[in-house]
$ cat input-v7.csv   # CSV, C-alpha atoms (C1' of nucleotides)
chain,number,residue,atom,x,y,z
A,1,MET,CA,241.4,134.1,116.1
A,2,GLU,CA,240.6,135.5,112.7
A,3,ILE,CA,243.5,137.6,111.5
A,4,ILE,CA,243.2,139.3,108.2
A,5,VAL,CA,245.7,141.6,106.5
A,6,ASN,CA,245.0,144.0,103.7
A,7,ILE,CA,247.9,144.5,101.3
A,8,ASP,CA,246.4,147.7,100.0
A,9,ASP,CA,246.3,149.3,103.5
A,10,PRO,CA,248.9,152.0,104.0
A,11,ILE,CA,249.5,150.5,107.4
A,12,PRO,CA,252.5,148.1,107.2
A,13,LEU,CA,251.5,144.4,107.3
A,14,PHE,CA,253.5,143.8,110.5
A,15,ALA,CA,251.8,146.6,112.2
A,16,GLN,CA,248.4,145.2,111.2
A,17,LEU,CA,249.3,142.0,112.8
A,18,VAL,CA,250.4,143.6,116.0
A,19,ALA,CA,247.3,145.6,116.2
A,20,GLN,CA,245.0,142.7,115.5
A,21,ILE,CA,246.7,140.4,118.0
A,22,LYS,CA,246.5,143.0,120.7
A,23,GLN,CA,242.9,143.6,119.8
A,24,ALA,CA,242.1,139.9,120.2
A,25,ILE,CA,243.7,139.9,123.6
A,26,ALA,CA,242.0,143.2,124.7
A,27,SER,CA,238.6,141.7,123.7
A,28,ASP,CA,239.3,138.5,125.6
A,29,SER,CA,239.1,136.4,122.5
A,30,LYS,CA,242.6,135.3,123.4
A,31,LYS,CA,243.5,134.8,127.0
A,32,PRO,CA,246.8,134.5,128.9
A,33,GLY,CA,248.4,131.1,128.2
A,34,ASP,CA,246.6,130.5,125.0
A,35,PRO,CA,248.8,129.4,122.1
A,36,LEU,CA,249.3,131.4,119.1
A,37,PRO,CA,249.9,130.0,115.6
A,38,SER,CA,253.5,129.5,114.8
A,39,ILE,CA,255.3,132.0,112.7
A,40,ARG,CA,255.5,129.8,109.7
A,41,GLN,CA,252.0,128.7,110.1
A,42,LEU,CA,250.5,132.1,110.3
A,43,ALA,CA,252.7,133.3,107.4
A,44,ASN,CA,251.4,130.5,105.3
A,45,ASP,CA,247.8,131.1,106.2
A,46,LEU,CA,248.0,134.8,105.4
A,47,GLU,CA,250.3,134.3,102.4
A,48,LEU,CA,252.9,136.5,104.0
A,49,ASN,CA,256.7,136.1,104.4
A,50,SER,CA,257.6,134.5,107.6
A,51,LYS,CA,259.9,137.4,108.3
A,52,THR,CA,257.0,139.8,108.4
A,53,VAL,CA,255.2,137.7,111.0
A,54,ALA,CA,258.4,137.2,112.9
A,55,LYS,CA,258.7,141.0,113.1
A,56,ALA,CA,255.3,141.3,114.5
A,57,TYR,CA,255.9,138.6,117.1
A,58,ARG,CA,259.2,140.2,118.1
A,59,LEU,CA,257.5,143.5,118.9
A,60,LEU,CA,254.7,141.8,120.7
A,61,GLU,CA,257.2,139.9,122.9
A,62,ARG,CA,259.1,143.0,123.6
A,63,ASP,CA,255.9,144.6,124.9
A,64,ALA,CA,255.3,141.5,127.0
A,65,VAL,CA,252.1,140.7,125.3
A,66,ILE,CA,253.2,137.3,124.1
A,67,GLN,CA,255.8,134.9,125.2
A,68,THR,CA,257.9,132.7,122.9
A,69,ARG,CA,259.2,129.5,124.3
A,70,GLY,CA,261.5,128.4,121.5
A,71,TYR,CA,260.6,125.1,120.0
A,72,ARG,CA,257.5,124.9,122.1
A,73,GLY,CA,255.7,127.7,120.4
A,74,THR,CA,254.3,131.1,121.2
A,75,PHE,CA,251.7,131.9,123.9
A,76,VAL,CA,249.8,134.9,125.3
A,77,HIS,CA,251.7,136.5,128.1
A,78,PRO,CA,250.3,136.2,131.6
A,79,ASP,CA,250.0,140.0,131.9
A,80,ALA,CA,249.1,140.4,128.3
A,81,LYS,CA,245.9,142.3,128.9
A,82,ALA,CA,247.5,144.9,131.1
A,83,ASN,CA,250.5,145.2,128.8
A,84,CYS,CA,248.3,145.6,125.8
A,85,SER,CA,247.3,149.1,127.0
A,86,ILE,CA,250.9,150.2,127.6
A,87,ASP,CA,251.9,151.9,124.4
A,88,LEU,CA,255.6,152.4,124.2
A,89,ASN,CA,255.1,154.3,121.0
A,90,ALA,CA,252.8,156.8,122.7
A,91,TRP,CA,255.5,157.5,125.2
A,92,VAL,CA,258.1,158.0,122.5
A,93,ASN,CA,255.7,160.3,120.7
A,94,GLN,CA,255.1,162.4,123.8
A,95,GLN,CA,258.7,162.8,124.6
A,96,LEU,CA,259.8,163.7,121.1
A,97,SER,CA,256.9,166.1,120.7
A,98,VAL,CA,258.1,168.2,123.7
A,99,SER,CA,261.7,168.3,122.3
A,100,ILE,CA,260.6,169.2,118.8
A,101,SER,CA,258.3,171.9,120.0
A,102,SER,CA,261.1,173.6,121.9
A,103,PHE,CA,263.5,173.3,119.0
A,104,ARG,CA,261.0,175.0,116.7
A,105,ASN,CA,260.3,177.7,119.2
A,106,ALA,CA,264.0,178.4,119.4
A,107,GLY,CA,264.0,179.0,115.6
A,108,VAL,CA,265.7,175.8,114.7
A,109,THR,CA,264.9,174.7,111.2
A,110,ASP,CA,263.0,171.5,110.6
A,111,SER,CA,265.8,170.5,108.3
A,112,GLU,CA,268.4,171.1,111.0
A,113,ILE,CA,266.3,169.0,113.4
A,114,ARG,CA,266.1,166.2,110.9
A,115,ILE,CA,269.9,166.3,110.3
A,116,ALA,CA,270.7,166.2,114.0
A,117,PHE,CA,268.3,163.3,114.5
A,118,ALA,CA,269.6,161.4,111.5
A,119,ASN,CA,273.2,161.8,112.7
A,120,LEU,CA,272.3,160.6,116.2
A,121,MET,CA,270.4,157.6,114.9
A,122,ASN,CA,273.3,156.6,112.7
A,123,GLU,CA,275.8,156.7,115.5
A,124,ARG,CA,274.7,153.3,116.9
A,125,ASN,CA,277.6,153.5,119.3
A,126,LYS,CA,277.5,154.7,122.9
B,1,MET,CA,286.9,188.9,103.6
B,2,GLU,CA,288.1,186.0,101.5
B,3,ILE,CA,285.4,183.4,101.2
B,4,ILE,CA,286.0,180.3,99.3
B,5,VAL,CA,283.7,177.3,98.7
B,6,ASN,CA,284.7,173.9,97.6
B,7,ILE,CA,282.1,172.2,95.5
B,8,ASP,CA,283.7,168.8,96.1
B,9,ASP,CA,283.6,169.2,99.9
B,10,PRO,CA,281.0,166.9,101.4
B,11,ILE,CA,279.9,169.8,103.6
B,12,PRO,CA,277.0,171.6,102.0
B,13,LEU,CA,277.8,174.9,100.4
B,14,PHE,CA,275.5,177.0,102.6
B,15,ALA,CA,277.2,175.4,105.6
B,16,GLN,CA,280.6,176.3,104.3
B,17,LEU,CA,279.4,179.9,104.0
B,18,VAL,CA,278.0,180.0,107.5
B,19,ALA,CA,281.2,178.6,108.9
B,20,GLN,CA,283.5,180.9,107.1
B,21,ILE,CA,281.5,184.0,107.9
B,22,LYS,CA,281.4,183.1,111.6
B,23,GLN,CA,285.1,182.4,111.4
B,24,ALA,CA,285.8,185.8,109.9
B,25,ILE,CA,283.9,187.4,112.8
B,26,ALA,CA,285.5,185.3,115.5
B,27,SER,CA,288.9,186.2,114.2
B,28,ASP,CA,288.0,189.9,114.2
B,29,SER,CA,288.5,190.2,110.5
B,30,LYS,CA,284.9,191.3,110.4
B,31,LYS,CA,283.6,193.6,113.2
B,32,PRO,CA,280.1,194.5,114.3
B,33,GLY,CA,278.6,197.0,112.0
B,34,ASP,CA,280.7,196.0,109.0
B,35,PRO,CA,278.8,195.5,105.8
B,36,LEU,CA,278.6,192.1,104.2
B,37,PRO,CA,278.4,191.6,100.4
B,38,SER,CA,274.9,191.5,99.1
B,39,ILE,CA,273.4,188.1,98.5
B,40,ARG,CA,273.5,188.5,94.8
B,41,GLN,CA,276.9,189.9,94.8
B,42,LEU,CA,278.4,187.1,96.9
B,43,ALA,CA,276.5,184.5,94.8
B,44,ASN,CA,278.0,186.0,91.7
B,45,ASP,CA,281.5,186.1,93.1
B,46,LEU,CA,281.5,182.5,94.2
B,47,GLU,CA,279.5,181.4,91.2
B,48,LEU,CA,276.7,180.1,93.4
B,49,ASN,CA,273.0,180.3,93.2
B,50,SER,CA,271.6,183.3,95.1
B,51,LYS,CA,269.3,180.9,97.0
B,52,THR,CA,272.3,179.1,98.5
B,53,VAL,CA,273.8,182.4,99.8
B,54,ALA,CA,270.4,183.5,101.0
B,55,LYS,CA,270.0,180.3,103.0
B,56,ALA,CA,273.4,180.9,104.7
B,57,TYR,CA,272.4,184.5,105.5
B,58,ARG,CA,269.1,183.5,106.8
B,59,LEU,CA,270.7,181.1,109.3
B,60,LEU,CA,273.2,183.6,110.3
B,61,GLU,CA,270.6,186.2,111.0
B,62,ARG,CA,268.6,183.7,113.0
B,63,ASP,CA,271.6,183.2,115.2
B,64,ALA,CA,272.0,187.0,115.5
B,65,VAL,CA,275.4,186.9,113.9
B,66,ILE,CA,274.4,189.2,111.1
B,67,GLN,CA,271.6,191.7,110.6
B,68,THR,CA,269.7,192.3,107.4
B,69,ARG,CA,268.2,195.7,106.9
B,70,GLY,CA,266.2,195.1,103.8
B,71,TYR,CA,267.2,197.3,100.9
B,72,ARG,CA,270.1,198.8,102.9
B,73,GLY,CA,272.1,195.6,102.9
B,74,THR,CA,273.4,193.2,105.5
B,75,PHE,CA,275.7,194.0,108.4
B,76,VAL,CA,277.5,192.2,111.2
B,77,HIS,CA,275.4,192.1,114.3
B,78,PRO,CA,276.4,194.2,117.3
B,79,ASP,CA,276.7,191.0,119.4
B,80,ALA,CA,278.0,188.9,116.6
B,81,LYS,CA,281.2,187.8,118.3
B,82,ALA,CA,279.4,186.5,121.4
B,83,ASN,CA,276.6,184.9,119.3
B,84,CYS,CA,279.1,183.2,117.1
B,85,SER,CA,280.0,180.7,119.8
B,86,ILE,CA,276.4,179.9,120.5
B,87,ASP,CA,275.7,176.7,118.7
B,88,LEU,CA,272.0,176.0,118.4
B,89,ASN,CA,272.7,172.7,116.7
B,90,ALA,CA,274.9,171.5,119.6
B,91,TRP,CA,272.0,172.1,121.9
B,92,VAL,CA,269.6,170.2,119.6
B,93,ASN,CA,272.0,167.4,119.4
B,94,GLN,CA,272.4,167.2,123.2
B,95,GLN,CA,268.7,167.2,123.8
B,96,LEU,CA,267.9,164.6,121.2
B,97,SER,CA,270.7,162.4,122.3
B,98,VAL,CA,269.2,162.1,125.8
B,99,SER,CA,265.8,161.2,124.5
B,100,ILE,CA,267.1,158.7,122.0
B,101,SER,CA,269.2,157.0,124.6
B,102,SER,CA,266.3,156.5,126.9
B,103,PHE,CA,264.1,155.2,124.1
B,104,ARG,CA,266.8,152.6,123.1
B,105,ASN,CA,267.2,151.6,126.7
B,106,ALA,CA,263.5,151.0,127.0
B,107,GLY,CA,263.8,148.6,124.1
B,108,VAL,CA,262.2,150.8,121.5
B,109,THR,CA,263.3,149.9,118.0
B,110,ASP,CA,265.3,152.4,116.0
B,111,SER,CA,262.7,152.0,113.3
B,112,GLU,CA,259.9,152.9,115.7
B,113,ILE,CA,261.8,156.0,116.9
B,114,ARG,CA,262.2,157.1,113.3
B,115,ILE,CA,258.5,156.6,112.5
B,116,ALA,CA,257.5,158.6,115.5
B,117,PHE,CA,259.9,161.3,114.7
B,118,ALA,CA,258.8,161.4,111.1
B,119,ASN,CA,255.2,161.6,112.1
B,120,LEU,CA,255.8,164.5,114.4
B,121,MET,CA,257.9,166.4,111.9
B,122,ASN,CA,255.1,166.1,109.3
B,123,GLU,CA,252.5,167.4,111.6
B,124,ARG,CA,253.4,171.1,111.1
B,125,ASN,CA,250.4,172.0,113.1
B,126,LYS,CA,250.2,173.0,116.8
C,1,DA,C1',267.2,202.5,86.6
C,2,DT,C1',269.5,199.8,90.0
C,3,DA,C1',270.0,197.5,94.1
C,4,DT,C1',268.3,195.4,98.6
C,5,DG,C1',266.3,191.1,101.0
C,6,DT,C1',262.6,188.1,100.5
C,7,DA,C1',258.9,185.3,98.8
C,8,DC,C1',256.9,182.1,95.7
C,9,DC,C1',256.9,178.6,91.7
C,10,DC,C1',259.4,174.3,89.8
C,11,DT,C1',263.4,170.9,88.7
C,12,DG,C1',266.9,167.3,89.3
C,13,DT,C1',270.2,164.4,91.8
C,14,DG,C1',271.8,161.8,95.4
C,15,DA,C1',271.3,159.7,99.8
C,16,DT,C1',268.8,157.1,103.2
C,17,DG,C1',265.4,154.3,105.4
C,18,DT,C1',261.2,151.3,105.5
C,19,DA,C1',258.8,147.4,104.2
C,20,DA,C1',258.7,143.1,102.4
C,21,DT,C1',260.5,139.4,100.2
C,22,DG,C1',263.8,135.2,99.5
C,23,DG,C1',267.3,131.7,100.9
C,24,DT,C1',270.0,129.1,104.2
C,25,DA,C1',271.1,127.5,108.6
C,26,DC,C1',271.1,126.4,113.6
C,27,DA,C1',269.9,124.0,118.3
C,28,DA,C1',266.3,121.9,120.7
C,29,DC,C1',262.6,119.6,121.1
C,30,DT,C1',258.3,116.1,119.4
D,1,DA,C1',261.6,113.6,110.0
D,2,DG,C1',259.3,117.5,111.2
D,3,DT,C1',258.6,121.8,113.8
D,4,DT,C1',259.8,125.6,117.0
D,5,DG,C1',262.0,130.5,117.2
D,6,DT,C1',265.8,132.8,115.6
D,7,DA,C1',269.9,134.4,113.1
D,8,DC,C1',272.4,135.6,109.2
D,9,DC,C1',273.1,136.5,104.1
D,10,DA,C1',270.7,139.1,100.4
D,11,DT,C1',267.5,142.1,97.0
D,12,DT,C1',263.5,144.9,95.4
D,13,DA,C1',260.3,148.8,95.4
D,14,DC,C1',259.0,152.9,97.3
D,15,DA,C1',258.9,157.1,99.8
D,16,DT,C1',261.1,161.1,101.7
D,17,DC,C1',264.3,164.6,102.2
D,18,DA,C1',268.6,167.7,101.6
D,19,DC,C1',271.0,170.3,98.5
D,20,DA,C1',271.4,173.2,94.8
D,21,DG,C1',269.9,175.4,90.9
D,22,DG,C1',266.6,178.4,87.8
D,23,DG,C1',262.9,181.6,87.2
D,24,DT,C1',259.8,185.4,88.5
D,25,DA,C1',258.0,188.8,91.3
D,26,DC,C1',257.5,192.2,95.1
D,27,DA,C1',258.1,196.6,98.2
D,28,DT,C1',261.4,199.7,99.5
D,29,DA,C1',264.9,202.3,99.1
D,30,DT,C1',269.2,204.9,96.5

$ encode --input "input-v7.csv" --output "structure tokens"
Amino acid sequence: MEIIVNIDDPIPLFAQLVAQIKQAIASDSKKPGDPLPSIRQLANDLELNSKTVAKAYRLLERDAVIQTRGYRGTFVHPDAKANCSIDLNAWVNQQLSVSISSFRNAGVTDSEIRIAFANLMNERNK
Amino acid sequence: MEIIVNIDDPIPLFAQLVAQIKQAIASDSKKPGDPLPSIRQLANDLELNSKTVAKAYRLLERDAVIQTRGYRGTFVHPDAKANCSIDLNAWVNQQLSVSISSFRNAGVTDSEIRIAFANLMNERNK
DNA sequence: ATATGTACCCTGTGATGTAATGGTACAACT
DNA sequence: AGTTGTACCATTACATCACAGGGTACATAT
């Protein structure tokens, strides 16, 4: 698997990693059960901080695209190919889009929407 | 109508204005049809920028609490008292809260929610 | 002339959040 | 001893936005 990151790309590095790994799975260049390079290994190869790679792996695991088995390493998830196409972000986008549209239609200021959103996000409780 | 603003209050000046004018109407100290001080006049009295007062008036008019009649001045809206209690922001808050909760339950990162939100807000189109 | 609301331009300040980096440490395995 | 993912501490740079202010201008009225 040839992973390359472009530091000049406006797309965040961790997002580039996520996209490329998903792409490798979608194109069958990585199959379920295949091992992935370790976080430190990949970080070293790409000259990235291990935290950046870890972030990408964390998101991929949440989406059930990869599986981490602790000290044994990280592997492509059995259902990886199917889960690759499930885009959680697209769902979020769609949901939020509906809400925002109705707010704007009701005459709510963008600024007000932003404030309300920021307040809710900062109330980590509940 | 005695309006006072406190520059040291963390609540934005325009929001203080909105709150106090609504309060004046809710307590019948201002009745429908009553004239309000002009934007420039009030700004001068409170030593505020006219933009700040204009912003407060703009929001109040959107909520149908006051009515601006161009060169004739600004007046308390006929249905002001009823509309005073309608809180657009509370509705926004409630709607967003539901969405955000389900996102978080689905495992979506706060960071991802923020990104999606920011993208939508910056697409002023549609 | 003077006043009304409103629409642009631009400025500065402070707050906030992202992205990415660094260091240190842990338990569990080879 | 070395490696695995992971968890915490932290900092830096950068971008975005709210708020408030200042200026200028306009049509429409008195």

$ residues_near_point --input "input-v7.csv" --point "(272.1, 180.7, 104.2)" --cutoff "12 Å" --atoms "all atoms listed in the file" --output "PyMOL selection string"
(chain A and resi 109) or (chain B and resi 12-21+39+42-43+48-63+65-66) or (chain D and resi 19)

$ atom_distance --input "input-v7.csv" --atom1 "atom CA of B:Asn105" --atom2 "atom CA of A:Arg104"
26.2 Å

$ residues_near_point --input "input-v7.csv" --point "(259.9, 162.3, 118.1)" --cutoff "10 Å" --atoms "all atoms listed in the file" --output "count of residues only"
26

$ closest_residue --input "input-v7.csv" --among "C:DC26, C:DA20, C:DA1, C:DA7" --to "chain B" --atoms "all atoms listed in the file"
C:DA7

$ atom_distance --input "input-v7.csv" --atom1 "atom CA of B:Ser38" --atom2 "atom C1' of C:DG5"
8.8 Å

$ interface_residues --input "input-v7.csv" --of "chain A" --to "chain D" --cutoff "8 Å" --atoms "only C-alpha atoms (C1' of nucleotides)" --output "list in words"
Ser38, Thr68, Arg69, Gly70, Tyr71, Arg72, Gly73 and Ser111 of chain A

$ residues_around --input "input-v7.csv" --residues "B:Pro37" --least-positions-apart "3" --cutoff "10 Å" --atoms "all atoms listed in the file" --output "ChimeraX atom specification"
/B:1,34,40-43,45,73-75

$ interface_residues --input "input-v7.csv" --of "chain C" --to "chain A" --cutoff "8 Å" --atoms "only C-alpha atoms (C1' of nucleotides)" --output "number ranges by chain"
C: 19-21, 28-29

$ closest_residue --input "input-v7.csv" --among "A:Ile4, A:Ala82, A:Ile11, A:Ala64" --to "B:Gly107" --atoms "only C-alpha atoms"
A:Ala64

$ atom_distance --input "input-v7.csv" --atom1 "atom CA of B:Phe103" --atom2 "atom CA of A:Val76"
24.9 Å

$ closest_residue --input "input-v7.csv" --among "B:Asn44, B:Ser27, B:Asn83, B:Asn122" --to "chain A" --atoms "only C-alpha atoms"
B:Asn122

$ closest_residue --input "input-v7.csv" --among "A:Lys30, A:Leu46, A:Ser102, A:Leu36" --to "A:Ile7" --atoms "all atoms listed in the file"
A:Leu46

$ build_atoms --input "input-v7.csv" --residues "stretch 85-111 of chain B" --atoms "N, CA, C and O atoms" --output "tab-separated table (two decimals), keeping the file's coordinate frame"
chain	number	residue	atom	x	y	z
B	85	SER	N	279.64	181.95	119.08
B	85	SER	CA	280.00	180.70	119.80
B	85	SER	C	278.80	179.95	120.25
B	85	SER	O	278.91	178.80	120.67
B	86	ILE	N	277.62	180.58	120.18
B	86	ILE	CA	276.40	179.90	120.50
B	86	ILE	C	276.02	178.92	119.43
B	86	ILE	O	275.73	179.35	118.33
B	87	ASP	N	276.04	177.65	119.72
B	87	ASP	CA	275.70	176.70	118.70
B	87	ASP	C	274.38	176.03	118.94
B	87	ASP	O	274.26	175.13	119.77
B	88	LEU	N	273.40	176.52	118.22
B	88	LEU	CA	272.00	176.00	118.40
B	88	LEU	C	272.00	174.51	118.09
B	88	LEU	O	271.33	173.74	118.78
B	89	ASN	N	272.76	174.11	117.07
B	89	ASN	CA	272.70	172.70	116.70
B	89	ASN	C	273.29	171.80	117.77
B	89	ASN	O	272.83	170.67	117.94
B	90	ALA	N	274.28	172.30	118.49
B	90	ALA	CA	274.90	171.50	119.60
B	90	ALA	C	273.81	171.23	120.64
B	90	ALA	O	273.71	170.13	121.19
B	91	TRP	N	273.02	172.23	120.91
B	91	TRP	CA	272.00	172.10	121.90
B	91	TRP	C	270.94	171.06	121.45
B	91	TRP	O	270.55	170.17	122.21
B	92	VAL	N	270.52	171.19	120.20
B	92	VAL	CA	269.60	170.20	119.60
B	92	VAL	C	270.14	168.82	119.76
B	92	VAL	O	269.46	167.89	120.18
B	93	ASN	N	271.39	168.69	119.38
B	93	ASN	CA	272.00	167.40	119.40
B	93	ASN	C	272.02	166.81	120.83
B	93	ASN	O	271.72	165.64	121.02
B	94	GLN	N	272.32	167.64	121.79
B	94	GLN	CA	272.40	167.20	123.20
B	94	GLN	C	271.03	166.72	123.66
B	94	GLN	O	270.88	165.65	124.26
B	95	GLN	N	270.03	167.53	123.37
B	95	GLN	CA	268.70	167.20	123.80
B	95	GLN	C	268.17	165.91	123.21
B	95	GLN	O	267.66	165.04	123.91
B	96	LEU	N	268.35	165.83	121.91
B	96	LEU	CA	267.90	164.60	121.20
B	96	LEU	C	268.60	163.40	121.69
B	96	LEU	O	268.01	162.32	121.83
B	97	SER	N	269.87	163.57	121.93
B	97	SER	CA	270.70	162.40	122.30
B	97	SER	C	270.14	161.80	123.62
B	97	SER	O	270.06	160.57	123.73
B	98	VAL	N	269.76	162.63	124.56
B	98	VAL	CA	269.20	162.10	125.80
B	98	VAL	C	267.93	161.32	125.55
B	98	VAL	O	267.76	160.20	126.06
B	99	SER	N	267.06	161.89	124.76
B	99	SER	CA	265.80	161.20	124.50
B	99	SER	C	266.03	159.87	123.80
B	99	SER	O	265.50	158.84	124.22
B	100	ILE	N	266.84	159.89	122.76
B	100	ILE	CA	267.10	158.70	122.00
B	100	ILE	C	267.67	157.58	122.85
B	100	ILE	O	267.29	156.41	122.76
B	101	SER	N	268.58	157.97	123.71
B	101	SER	CA	269.20	157.00	124.60
B	101	SER	C	268.16	156.29	125.46
B	101	SER	O	268.18	155.07	125.62
B	102	SER	N	267.27	157.08	126.02
B	102	SER	CA	266.30	156.50	126.90
B	102	SER	C	265.31	155.59	126.12
B	102	SER	O	264.84	154.56	126.60
B	103	PHE	N	265.01	155.99	124.90
B	103	PHE	CA	264.10	155.20	124.10
B	103	PHE	C	264.79	153.80	123.84
B	103	PHE	O	264.18	152.75	124.04
B	104	ARG	N	266.04	153.85	123.45
B	104	ARG	CA	266.80	152.60	123.10
B	104	ARG	C	266.87	151.73	124.39
B	104	ARG	O	266.72	150.52	124.33
B	105	ASN	N	267.10	152.37	125.51
B	105	ASN	CA	267.20	151.60	126.70
B	105	ASN	C	265.86	150.92	127.06
B	105	ASN	O	265.84	149.84	127.66
B	106	ALA	N	264.78	151.55	126.69
B	106	ALA	CA	263.50	151.00	127.00
B	106	ALA	C	263.11	149.88	125.97
B	106	ALA	O	262.05	149.27	126.05
B	107	GLY	N	264.01	149.64	125.02
B	107	GLY	CA	263.80	148.60	124.10
B	107	GLY	C	263.03	149.01	122.81
B	107	GLY	O	262.66	148.18	121.99
B	108	VAL	N	262.84	150.30	122.67
B	108	VAL	CA	262.20	150.80	121.50
B	108	VAL	C	263.09	150.62	120.27
B	108	VAL	O	264.28	150.93	120.36
B	109	THR	N	262.53	150.12	119.21
B	109	THR	CA	263.30	149.90	118.00
B	109	THR	C	263.70	151.23	117.35
B	109	THR	O	262.93	152.19	117.41
B	110	ASP	N	264.85	151.25	116.75
B	110	ASP	CA	265.30	152.40	116.00
B	110	ASP	C	264.21	152.79	114.96
B	110	ASP	O	263.90	153.96	114.73
B	111	SER	N	263.71	151.77	114.35
B	111	SER	CA	262.70	152.00	113.30
B	111	SER	C	261.48	152.69	113.90
B	111	SER	O	260.95	153.63	113.31
